[in-house]
Structure formats: structure tokens, C-alpha cells
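Undergrad: Mind looking over this structure? Questions follow.
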Amino acid sequence: MIYLSKGGFWLGIGQFAASFSSFLLAIVFANYLPKEIYGNYKYILSLATILGAFSLTGISTSVLQAVSRGYDGALRQGFRISLKWSVFIVIGALCFGIYYLINDNINLGLSFFIIGIFSPIFNSAQLYVSFLNGKKDFKGITMLGLWQDFIPILALMFSVIFTNNVVFIVLIYFLSNTVVSLGLYKKTLSKYKPNNSIQESSLPYSKHLSFMNILAGVGDKIDNVLLFHFSGGLALATYSFAVAIPNQIIGLFRTVGLLAVPKYAQGDKELIKREMPMKIVKFVGILSIAVVGYYFVAPFIYHAFFPQYSDSIPYSRLYAVIMLFAAGALPMSLIDARMAIRERYIVVVLSNVTRITLMTLLVIPYGIWGILWAQIITKTIVFSVSLILIRKI
């Protein structure tokens, strides 16, 4: 509890700052950007995430684990390896860009070229967060994260206020995030001066995680892609605002998972497993209060700040149920901390195959409602299975 209160204080501040800045950005998007343009913007970022899943995404967890055991050289090694594996992002973005240009959609075509240029550096530089997490420097994560949150968001705000050009907005998003992330990566190297020791088992494990994350990356953003293609940009904009606030609240609780991984990597496994059920019960109790509270305050928030998206309210109220499953961060943190590859495969494959299948089946007849119910059903199944799996680690 002492560890949780100290680390959670700083991570909580960081997450609150990120949520607040995102909230301000959402207000600007809602009041200055047409729904159709915003839907296109979310579609582009969703496909960027999916493309990023085909790089070595698991290297972040490997860096965290290695650094927590004293192998500081994992940071520089991870940066080089991440850049090398980003070739798949570049190829994928180039293919999408050419496809949309051939089909006379210049805005989407140019946007994907921007993704191919900046994403490799942006994603690789973000490894500084994993390094600091491995060092349990939660204050450092928060203080540097303030730069990561506010500078790109301020840049986006000004770009949205002065133009509705989606290509320019996408350029500002990736350019600002890349520059800031690279600067913070170098700041971390300068402050910590990490040694050159590396953990040989890190790379094979990161490949396993990356392979699993391909399916996870697709599953995480397939909702946006399906809605854009079957219901259009307006439906995607409505859905995006419906899930935005609950996701930010979930992010406040996600810090528990960040705190747990380095602690679980070093702690007594059997003791952790014995204590986890009661911790989950308490966690779910707190989350239940958040869900009920949000149900009643949601209309006031939308009418006050996002009146153009008042049609998102009923969707957002249902999606808020997802908050309960933030408690799943605890069993998943134990699986990650113990590098339980088989259990990780089971969770990732089960969750994403279920999500993708349900969304594909439900989006055409039920639209946004179908996507929401697919999310809730998937989270329920995965949370239950993860509790069973940790018993076998």
C-alpha cells in the first residue's frame, strides 16, 4: 500500500493531466471541427495504430522487465530494434497512401504518407516511458509526461481552430508528438546515463508479445474502421465522443497496472496470487461507484461541453460499464511480470478474436449499439479467463 500510494500519487497526477488536456482538446474538436472531418481524422489514427501493431510493439514490455532487473542497456537496444522493425509500418502506410491516391482521395492518401514518415521515430522514442517505469521513477514519468501531453495537444488545438484540413491536422499530430517524444528520450538518456548491460531473453519474449499485439492492435481499433466503412464518418464521430470520457476515466485507474508490473516482477508469486482476489474485489467496488456516478453526470457534461454530440449520451452511458473491467489490469500485470507466454497468448487470441468476430457480426444490423455490446461481452469473457489463468502461472 505504501508503494501504491507513492507511485500512484505521481501516476495519478500524470493521468489526470493527460485526461484534462484531452478533455480540452475534445472541446475544441467538438466546437471547431465538422463531424465528418473528425470522423476522417479518427479513422486515420485508427489505421495508424493498426499499422503500428505490425512492428515490434512487445519491445516496450521487454524493456520494462529488463530495466527492473538492472539491464539498463535495454533502452538503447530497444530503440534500435524498434526502428528496424518499423519497416512494416512504412510499407503499410505507403500501400494505403497509394491506394487512396489512386481512388482520388488525396486527403487520406497524403495522411498515410505522413504516418509512414513519423510513426517509426515516434513509437521508438516512446520507450523512455518503459525505462522510467522499470526504474519505478513514477515522478519522472509524470513530469516528462506533462510535456508529452500538453505540447502536442496545444499544437492540435491551434491547428483545428485555424483550419479544417485533415491532412494538416494529421501532420501536426505526428510532427509534434515525434519531436516531443524524441526530446524526452534524449532527456532520459542524459539523466540516467544507462549502462550497456542487456538481458538476452528480452528480445525473444518481445517477439512473442509483438506477434500477439498484431491481433491486439487490429482488435483495439477495428471498431472505428468498421463504423467508418459501414456507417460513415458521422457515426464514427458520434461513437468516438461516446467512448472518450469513459476511456479517460479508465486511464486514471490504469496506473494500477503500471505500478503492478515492476512490483510483481520482483515479488513472491504465491503471495501475490493469494492476495489478488481481495484486491480485485476492492478495485471493482471503487469502479462500481465511478460507473454509477458517471451514468448520472454524463448528460450534464455533454450538454455543457459537447452540445453538438448530445446524441452520444445513451451510447456513453452503456459504454461506461467497461470501467468495471479496469480491474483486469491486476491479473494481466502478473502475467506480463512473469513472462507467462502461453497465458498471454490465450488472453490475446481469445479477446481479439471474440471482439473482431462480434463487432463484424453486430455492426451492420445494430451499428454503434452492436459495437458497444461486442465490447462488453468480450471484456466479460476475457476478465473471467484471466482470473483462471493466473492460478496456473
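How things are named: the first chain in the C-alpha cells is A, the next is B, and so on; residues count from 1 in each chain; ligands count from 1 in the order shown.
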Tell me, as a list in words, which residues lie within 12 Å of Pro314 of chain A, counting only C-alpha atoms; anything in the same chain fewer than 6 positions away does not count.
TA: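 Near Pro314 of chain A, the qualifying residues are Thr238, Tyr239, Phe241, Ala242, Val243, Tyr294, Tyr295, Phe296, Ala298, Pro299, Tyr302, Ala320, Ile368, Trp369 and Leu372 of chain A.
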Undergrad: Just want the 9 Å neighbourhood of Asn196 of chain A, counted on only C-alpha atoms, with same-chain residues fewer than 2 positions away dropped. Output as an NGL selection string.
TA: :A and (71-74 or 76-77 or 194 or 198)
Undergrad: If we count only C-alpha atoms, what is near Thr188 of chain A at a cut-off of 10 Å, once residues fewer than 2 positions away on the same chain are taken out, given as a compact mmCIF listing (two decimals) with C-alpha atoms, in the first residue's frame?
TA:
# COMPACT_ATOMS: atom_id res chain seq x y z
CA LEU A 75 16.63 1.15 -23.65
CA TYR A 128 11.66 6.11 -22.47
CA VAL A 129 8.37 5.57 -20.58
CA PHE A 131 12.59 2.62 -18.97
CA LEU A 132 11.31 5.00 -16.30
CA GLY A 140 9.82 11.20 -13.80
CA ILE A 141 7.11 9.58 -15.92
CA LEU A 144 8.12 14.31 -18.59
CA LEU A 182 12.45 12.17 -29.20
CA GLY A 183 13.40 15.06 -26.92
CA LEU A 184 12.15 13.21 -23.83
CA TYR A 185 14.00 10.04 -24.89
CA LYS A 186 17.26 12.01 -25.07
CA SER A 190 21.10 12.27 -20.25
CA LYS A 191 19.64 11.97 -16.76
CA TYR A 192 20.14 8.25 -16.14
CA LYS A 193 23.19 7.51 -18.30
CA PRO A 194 22.08 3.85 -18.59
Undergrad: What does the structure give for the distance between atom CA of Met212 of chain A and atom CA of Glu343 of chain A, in Å to one decimal?
TA: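 Computing it gives 11.3 Å between the two atoms.
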Undergrad: As an exercise, work out the distance from atom CA of Gly233 of chain A to atom CA of Ile44 of chain A in Å and give it to one decimal place.
TA: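 Those two atoms sit 11.1 Å apart.
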Undergrad: Do a neighbour search on Phe122 of chain A at 7 Å with only C-alpha atoms, toss out local chain neighbours closer than 4 positions, and write the hits as number ranges by chain.
TA: A: 118, 126, 177-178, 181
Undergrad: Could the residues in this selection be saved with C-alpha atoms as a short mmCIF file (atom, residue, chain, number, x, y, z; two decimals), in the first residue's frame?
TA:
data_model
loop_
_atom_site.label_atom_id
_atom_site.label_comp_id
_atom_site.auth_asym_id
_atom_site.auth_seq_id
_atom_site.Cartn_x
_atom_site.Cartn_y
_atom_site.Cartn_z
CA PHE A 118 6.90 9.92 -38.47
CA GLN A 126 8.25 6.28 -26.51
CA ASN A 177 4.37 14.01 -30.90
CA THR A 178 7.53 12.81 -32.66
CA SER A 181 8.97 12.06 -27.71
#
Undergrad: Find the residues near Val225 of chain A: any atom within 10 Å, counting only C-alpha atoms, skip ones fewer than 3 places away on the same chain, and give them as a list of chain:residue names.
TA: A:Lys42, A:Tyr43, A:Ile44, A:Ser46, A:Leu47, A:Ile50, A:Val218, A:Lys221, A:Ile222, A:Phe228, A:His229, A:Phe230, A:Ser231, A:Gly232, A:Gly233, A:Leu236
Undergrad: For the residues in the current selection, export C-alpha atoms as a PDB file, in the first residue's frame.
TA:
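Dumped to result-v8.pdb:
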ATOM      1  CA  LYS A  42     -10.240   9.253 -36.096  1.00  0.00           C
ATOM      2  CA  TYR A  43     -10.247   6.743 -38.954  1.00  0.00           C
ATOM      3  CA  ILE A  44      -6.725   7.771 -39.981  1.00  0.00           C
ATOM      4  CA  SER A  46      -7.076   4.114 -36.013  1.00  0.00           C
ATOM      5  CA  LEU A  47      -5.411   2.705 -39.108  1.00  0.00           C
ATOM      6  CA  ILE A  50      -3.265  -0.968 -36.671  1.00  0.00           C
ATOM      7  CA  VAL A 218      -6.319  -4.806 -35.029  1.00  0.00           C
ATOM      8  CA  LYS A 221      -9.227  -0.211 -33.434  1.00  0.00           C
ATOM      9  CA  ILE A 222     -11.430  -2.445 -35.541  1.00  0.00           C
ATOM     10  CA  PHE A 228     -16.320   4.274 -40.761  1.00  0.00           C
ATOM     11  CA  HIS A 229     -16.826   1.812 -43.601  1.00  0.00           C
ATOM     12  CA  PHE A 230     -20.368   0.659 -42.785  1.00  0.00           C
ATOM     13  CA  SER A 231     -21.891   3.751 -41.153  1.00  0.00           C
ATOM     14  CA  GLY A 232     -19.695   6.662 -42.267  1.00  0.00           C
ATOM     15  CA  GLY A 233     -17.689   9.434 -40.660  1.00  0.00           C
ATOM     16  CA  LEU A 236     -17.642   7.268 -36.080  1.00  0.00           C
TER      17      LEU A 236
END
Undergrad: Using only C-alpha atoms, which of the listed residues (A:Ile313, A:Phe305, A:Val67, A:Ile289) sits closest to Lys135 of chain A?
TA: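 Residue with the minimum atom-to-atom distance to Lys135 of chain A: A:Val67.
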Undergrad: Give me the residues within 10 Å of Ser386 of chain A as number ranges by chain, counting only C-alpha atoms and dropping any in the same chain fewer than 6 places off.
TA: A: 328-332, 335, 343-344, 346-347
Undergrad: Next, write the just-selected residues to a file, as a PDB file, in the first residue's frame, keeping C-alpha atoms as the atom set.
TA:
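Contents of the output file out-v8.pdb:
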ATOM      1  CA  GLY A 328      -8.417  -6.831 -15.140  1.00  0.00           C
ATOM      2  CA  ALA A 329      -5.151  -4.883 -15.106  1.00  0.00           C
ATOM      3  CA  LEU A 330      -4.105  -6.777 -11.958  1.00  0.00           C
ATOM      4  CA  PRO A 331      -4.137 -10.361 -13.309  1.00  0.00           C
ATOM      5  CA  MET A 332      -2.716  -9.165 -16.647  1.00  0.00           C
ATOM      6  CA  ILE A 335       1.020 -12.480 -16.469  1.00  0.00           C
ATOM      7  CA  GLU A 343      -1.247 -17.473 -20.781  1.00  0.00           C
ATOM      8  CA  ARG A 344      -0.609 -14.213 -22.663  1.00  0.00           C
ATOM      9  CA  ILE A 346      -4.586 -17.346 -24.652  1.00  0.00           C
ATOM     10  CA  VAL A 347      -5.811 -13.960 -23.404  1.00  0.00           C
TER      11      VAL A 347
END
Undergrad: Could you list, as a PDB file with N, CA and C atoms, in the first residue's frame, every residue within 9 Å of Ile161 of chain A, counting only C-alpha atoms and ignoring same-chain residues fewer than 3 positions away?
TA:
ATOM      1  N   VAL A  28     -12.431  21.549 -28.172  1.00  0.00           N
ATOM      2  CA  VAL A  28     -12.053  22.255 -29.407  1.00  0.00           C
ATOM      3  C   VAL A  28     -12.521  21.474 -30.629  1.00  0.00           C
ATOM      4  N   PHE A  29     -12.287  20.157 -30.628  1.00  0.00           N
ATOM      5  CA  PHE A  29     -12.744  19.327 -31.747  1.00  0.00           C
ATOM      6  C   PHE A  29     -14.263  19.448 -31.928  1.00  0.00           C
ATOM      7  N   TYR A  32     -15.126  23.246 -33.192  1.00  0.00           N
ATOM      8  CA  TYR A  32     -14.488  23.851 -34.354  1.00  0.00           C
ATOM      9  C   TYR A  32     -14.355  22.923 -35.562  1.00  0.00           C
ATOM     10  N   LEU A  33     -14.460  21.626 -35.339  1.00  0.00           N
ATOM     11  CA  LEU A  33     -14.240  20.686 -36.437  1.00  0.00           C
ATOM     12  C   LEU A  33     -15.548  19.999 -36.824  1.00  0.00           C
ATOM     13  N   LEU A 156      -2.313  20.871 -31.645  1.00  0.00           N
ATOM     14  CA  LEU A 156      -3.527  20.410 -32.309  1.00  0.00           C
ATOM     15  C   LEU A 156      -4.666  21.406 -32.157  1.00  0.00           C
ATOM     16  N   MET A 157      -4.790  21.975 -30.971  1.00  0.00           N
ATOM     17  CA  MET A 157      -5.854  22.951 -30.736  1.00  0.00           C
ATOM     18  C   MET A 157      -5.759  24.118 -31.724  1.00  0.00           C
ATOM     19  N   PHE A 158      -4.568  24.670 -31.853  1.00  0.00           N
ATOM     20  CA  PHE A 158      -4.396  25.808 -32.750  1.00  0.00           C
ATOM     21  C   PHE A 158      -4.627  25.411 -34.200  1.00  0.00           C
ATOM     22  N   ASN A 164      -9.681  23.365 -41.152  1.00  0.00           N
ATOM     23  CA  ASN A 164     -10.413  22.101 -41.119  1.00  0.00           C
ATOM     24  C   ASN A 164      -9.778  21.066 -42.039  1.00  0.00           C
TER      25      ASN A 164
END
